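In what follows, a single structure is set out as structure tokens and then discussed.
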Amino acid sequence: MYLYQPMRWLFEVFKKSMRGKCPITLFTDQDQAIATAITKVFPQTRHRLCLWHLQQNVVSRFSQLKSENSFKATFKKCLSGCANENEFESCWKSMTTKYNLEYHSWFCRLYGLREKWCTALRKDFFFAGILSSQRSESINHAIAFNAKKNTSLTEFYGIFKATIKHWRSKEQNNEFQCSKPIPESVLPMTGMLKHASEVYTLTLFREFESEFLKSISTCSTIVLVEDSVMVYDVSSHYANACTHRVVFDCLRNMITCSC
């Protein structure tokens, strides 16, 4: 908890610089001092745990499970792959039972914090698919990939400059790709896909294209039609895929989904 006072000071300075405006959501690691400081300075802010950190922690703490691909896949599903609370509870219980982790203190504590990291339990607000402190983790990964504990400050500076140069070169290439009138696609560039290519950057377009491809494999069945409301059951052809209930209100032009 020795970090509490410095973190509280940092958050208070940040809040002051933002003229009292608090962040809607904050992603951090599991540090208790940071969590306490957030509660004191940003009481209305949603504190979420970075999934990248959780995955790194479970590998470092349980090295015997590092080579267990089935464990890593199940743990990842518990973090962000479950559609609802029942599926999460079933998945978590199955994992902890199979690997004898039911009473392990770290997993018990993590389960107690599940509201802060499990995507199946936080559907009451929009977070744009953000699951981690992505920018800082990409910087950490890029620097740590080349730097070591015994790297001198001079060597670190050289690594840092080379990393920045690589990023800028990559960004220039992305800018050039975005300047092309129509991006290449495996699908015909018509309708919604063509519109997406005109309003999105290339990176966002590729993400949309991936989602669009997944949507093609879904099957929808009309469950109910009542006045202006149409209710569908939508499922995917992928193995173990769950069915979602989609409601479309024609008059209000509103769509909701059980996901």
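Labeling convention for the structure tokens: chains A, B, ... as they appear, residues from 1 per chain, ligands from 1 in order of appearance.
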So which residues of range 219-253 of chain A fall under strand (DSSP E) by DSSP, listed as number ranges by chain?
-> A: 219-226, 229-236, 244-249
Mind checking which residues fall within 7 Å of range 108-116 of chain A, counting only C-alpha atoms, ignoring those fewer than 5 positions away in the same chain, and posting them as a PyMOL selection string?
-> chain A and resi 47-49+103+121-122
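Among the candidates A:Glu211, A:Glu102, A:Glu226, A:Asp29, the one nearest to Trp117 in chain A when counting only C-alpha atoms is A:Asp29.
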Could you name the residues that touch Thr243 in chain A at 7 Å or less, counting only C-alpha atoms, but leaving out those on the same chain fewer than 5 positions away, as a ChimeraX atom specification?
-> /A:233-235
Store the residues picked out above in a file with C-alpha atoms, as a PDB file, in the first residue's frame.
ATOM      1  CA  ASP A 233     -33.149 -15.765 -32.444  1.00  0.00           C
ATOM      2  CA  VAL A 234     -29.680 -15.408 -33.957  1.00  0.00           C
ATOM      3  CA  SER A 235     -27.073 -18.142 -33.792  1.00  0.00           C
TER       4      SER A 235
END
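For the choices A:Glu87, A:Cys257, A:Val41, A:Gly158, the atom-to-atom distance to Lys16 in chain A is smallest for A:Val41 when using only C-alpha atoms.
Among the candidates A:Met254, A:Cys82, A:Ile182, A:Cys259, the one nearest to Glu198 in chain A when counting only C-alpha atoms is A:Ile182.
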Based on DSSP run over this structure's backbone, return all residues of range 32-256 of chain A in helix (DSSP H, G or I), as a PyMOL selection string.
-> chain A and resi 32-41+51-61+63-65+69-80+85-98+105-112+114-116+119-121+134-146+153-179+191-199+202-216
7 Å contact set for range 65-78 of chain A, only C-alpha atoms, chain neighbours under 4 positions out, as a PyMOL selection string = chain A and resi 59+82+88+91-92+95+118
Judged by only C-alpha atoms, the minimum distance to Gly81 in chain A among A:Ser197, A:Asn253, A:Thr119, A:Ser169 is found for A:Thr119
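When CA of Val199 in chain A is paired with CA of Phe127 in chain A, their separation reads 21.1 Å.
The space separating CA of Ala37 in chain A from CA of Phe62 in chain A comes to 28.8 Å.
Using only C-alpha atoms, the nearest neighbour of Ile130 in chain A within the list A:Glu89, A:Ser63, A:Glu209, A:Leu51 is A:Leu51.
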Near Ser220 in chain A, counting only C-alpha atoms, which residues have an atom at most 12 Å away, once you skip same-chain residues fewer than 5 positions from it, shown as a ChimeraX atom specification?
-> /A:215,230-237,243-247
Print the selection's residues with all heavy atoms to a file, as a JSON list (two decimals), in the first residue's frame.
[["chain", "number", "residue", "atom", "x", "y", "z"],
["A", 215, "SER", "N", -20.79, -12.28, -39.49],
["A", 215, "SER", "CA", -22.25, -12.14, -39.54],
["A", 215, "SER", "C", -22.86, -12.95, -40.67],
["A", 215, "SER", "O", -24.01, -13.38, -40.59],
["A", 215, "SER", "CB", -22.62, -10.66, -39.70],
["A", 215, "SER", "OG", -22.28, -10.18, -41.00],
["A", 230, "MET", "N", -40.10, -6.72, -33.99],
["A", 230, "MET", "CA", -39.77, -8.05, -34.52],
["A", 230, "MET", "C", -38.68, -8.67, -33.65],
["A", 230, "MET", "O", -37.68, -8.02, -33.33],
["A", 230, "MET", "CB", -39.28, -7.96, -35.97],
["A", 230, "MET", "CG", -40.26, -7.25, -36.89],
["A", 230, "MET", "SD", -39.65, -7.10, -38.60],
["A", 230, "MET", "CE", -39.80, -8.80, -39.15],
["A", 231, "VAL", "N", -38.90, -9.91, -33.25],
["A", 231, "VAL", "CA", -37.96, -10.61, -32.36],
["A", 231, "VAL", "C", -37.35, -11.79, -33.10],
["A", 231, "VAL", "O", -38.06, -12.58, -33.72],
["A", 231, "VAL", "CB", -38.66, -11.10, -31.08],
["A", 231, "VAL", "CG1", -37.65, -11.78, -30.16],
["A", 231, "VAL", "CG2", -39.36, -9.94, -30.37],
["A", 232, "TYR", "N", -36.02, -11.87, -33.05],
["A", 232, "TYR", "CA", -35.28, -12.93, -33.74],
["A", 232, "TYR", "C", -34.42, -13.72, -32.76],
["A", 232, "TYR", "O", -33.94, -13.17, -31.76],
["A", 232, "TYR", "CB", -34.34, -12.35, -34.81],
["A", 232, "TYR", "CG", -35.00, -11.58, -35.91],
["A", 232, "TYR", "CD1", -35.33, -10.23, -35.73],
["A", 232, "TYR", "CD2", -35.29, -12.16, -37.14],
["A", 232, "TYR", "CE1", -35.91, -9.49, -36.75],
["A", 232, "TYR", "CE2", -35.87, -11.43, -38.16],
["A", 232, "TYR", "CZ", -36.19, -10.10, -37.95],
["A", 232, "TYR", "OH", -36.76, -9.38, -38.97],
["A", 233, "ASP", "N", -34.20, -14.98, -33.07],
["A", 233, "ASP", "CA", -33.15, -15.77, -32.44],
["A", 233, "ASP", "C", -32.02, -15.88, -33.45],
["A", 233, "ASP", "O", -32.22, -16.36, -34.57],
["A", 233, "ASP", "CB", -33.64, -17.16, -32.05],
["A", 233, "ASP", "CG", -34.35, -17.17, -30.72],
["A", 233, "ASP", "OD1", -34.22, -16.18, -29.97],
["A", 233, "ASP", "OD2", -35.05, -18.16, -30.41],
["A", 234, "VAL", "N", -30.83, -15.42, -33.05],
["A", 234, "VAL", "CA", -29.68, -15.41, -33.96],
["A", 234, "VAL", "C", -28.59, -16.31, -33.40],
["A", 234, "VAL", "O", -28.19, -16.18, -32.24],
["A", 234, "VAL", "CB", -29.13, -13.98, -34.15],
["A", 234, "VAL", "CG1", -27.94, -13.99, -35.10],
["A", 234, "VAL", "CG2", -30.22, -13.06, -34.67],
["A", 235, "SER", "N", -28.12, -17.22, -34.22],
["A", 235, "SER", "CA", -27.07, -18.14, -33.79],
["A", 235, "SER", "C", -26.04, -18.27, -34.89],
["A", 235, "SER", "O", -26.27, -17.96, -36.05],
["A", 235, "SER", "CB", -27.67, -19.52, -33.46],
["A", 235, "SER", "OG", -28.32, -20.06, -34.59],
["A", 236, "SER", "N", -24.86, -18.76, -34.49],
["A", 236, "SER", "CA", -23.76, -18.95, -35.43],
["A", 236, "SER", "C", -23.59, -20.43, -35.72],
["A", 236, "SER", "O", -24.02, -21.30, -34.94],
["A", 236, "SER", "CB", -22.46, -18.37, -34.87],
["A", 236, "SER", "OG", -21.37, -18.71, -35.68],
["A", 237, "HIS", "N", -22.95, -20.74, -36.84],
["A", 237, "HIS", "CA", -22.70, -22.12, -37.20],
["A", 237, "HIS", "C", -21.44, -22.67, -36.54],
["A", 237, "HIS", "O", -21.11, -23.84, -36.70],
["A", 237, "HIS", "CB", -22.57, -22.26, -38.72],
["A", 237, "HIS", "CG", -23.86, -21.97, -39.45],
["A", 237, "HIS", "ND1", -24.98, -22.75, -39.30],
["A", 237, "HIS", "CD2", -24.20, -20.98, -40.31],
["A", 237, "HIS", "CE1", -25.97, -22.26, -40.05],
["A", 237, "HIS", "NE2", -25.52, -21.18, -40.67],
["A", 243, "THR", "N", -27.09, -18.95, -28.69],
["A", 243, "THR", "CA", -28.13, -18.23, -29.42],
["A", 243, "THR", "C", -28.45, -16.93, -28.70],
["A", 243, "THR", "O", -28.62, -16.91, -27.49],
["A", 243, "THR", "CB", -29.39, -19.09, -29.54],
["A", 243, "THR", "OG1", -29.08, -20.29, -30.24],
["A", 243, "THR", "CG2", -30.49, -18.34, -30.29],
["A", 244, "HIS", "N", -28.55, -15.84, -29.47],
["A", 244, "HIS", "CA", -28.86, -14.53, -28.90],
["A", 244, "HIS", "C", -30.25, -14.09, -29.36],
["A", 244, "HIS", "O", -30.66, -14.37, -30.49],
["A", 244, "HIS", "CB", -27.83, -13.49, -29.33],
["A", 244, "HIS", "CG", -26.44, -13.76, -28.82],
["A", 244, "HIS", "ND1", -26.11, -13.68, -27.49],
["A", 244, "HIS", "CD2", -25.31, -14.12, -29.46],
["A", 244, "HIS", "CE1", -24.84, -13.97, -27.33],
["A", 244, "HIS", "NE2", -24.32, -14.25, -28.52],
["A", 245, "ARG", "N", -30.93, -13.38, -28.49],
["A", 245, "ARG", "CA", -32.26, -12.85, -28.80],
["A", 245, "ARG", "C", -32.11, -11.39, -29.24],
["A", 245, "ARG", "O", -31.61, -10.56, -28.48],
["A", 245, "ARG", "CB", -33.15, -12.96, -27.57],
["A", 245, "ARG", "CG", -34.56, -12.42, -27.72],
["A", 245, "ARG", "CD", -35.37, -13.20, -28.76],
["A", 245, "ARG", "NE", -35.47, -14.60, -28.54],
["A", 245, "ARG", "CZ", -36.45, -15.20, -27.83],
["A", 245, "ARG", "NH1", -37.39, -14.47, -27.26],
["A", 245, "ARG", "NH2", -36.48, -16.51, -27.71],
["A", 246, "VAL", "N", -32.52, -11.09, -30.46],
["A", 246, "VAL", "CA", -32.41, -9.75, -31.03],
["A", 246, "VAL", "C", -33.80, -9.17, -31.23],
["A", 246, "VAL", "O", -34.68, -9.82, -31.80],
["A", 246, "VAL", "CB", -31.67, -9.78, -32.39],
["A", 246, "VAL", "CG1", -31.59, -8.38, -32.99],
["A", 246, "VAL", "CG2", -30.26, -10.36, -32.21],
["A", 247, "VAL", "N", -34.00, -7.94, -30.76],
["A", 247, "VAL", "CA", -35.29, -7.27, -30.87],
["A", 247, "VAL", "C", -35.12, -6.01, -31.73],
["A", 247, "VAL", "O", -34.27, -5.16, -31.44],
["A", 247, "VAL", "CB", -35.84, -6.88, -29.48],
["A", 247, "VAL", "CG1", -37.19, -6.16, -29.63],
["A", 247, "VAL", "CG2", -35.97, -8.10, -28.59]]
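When only C-alpha atoms are used to measure the gap to Ser105 in chain A, the shortest distance among A:Lys123, A:Lys40, A:Arg61, A:Met7 belongs to A:Arg61.
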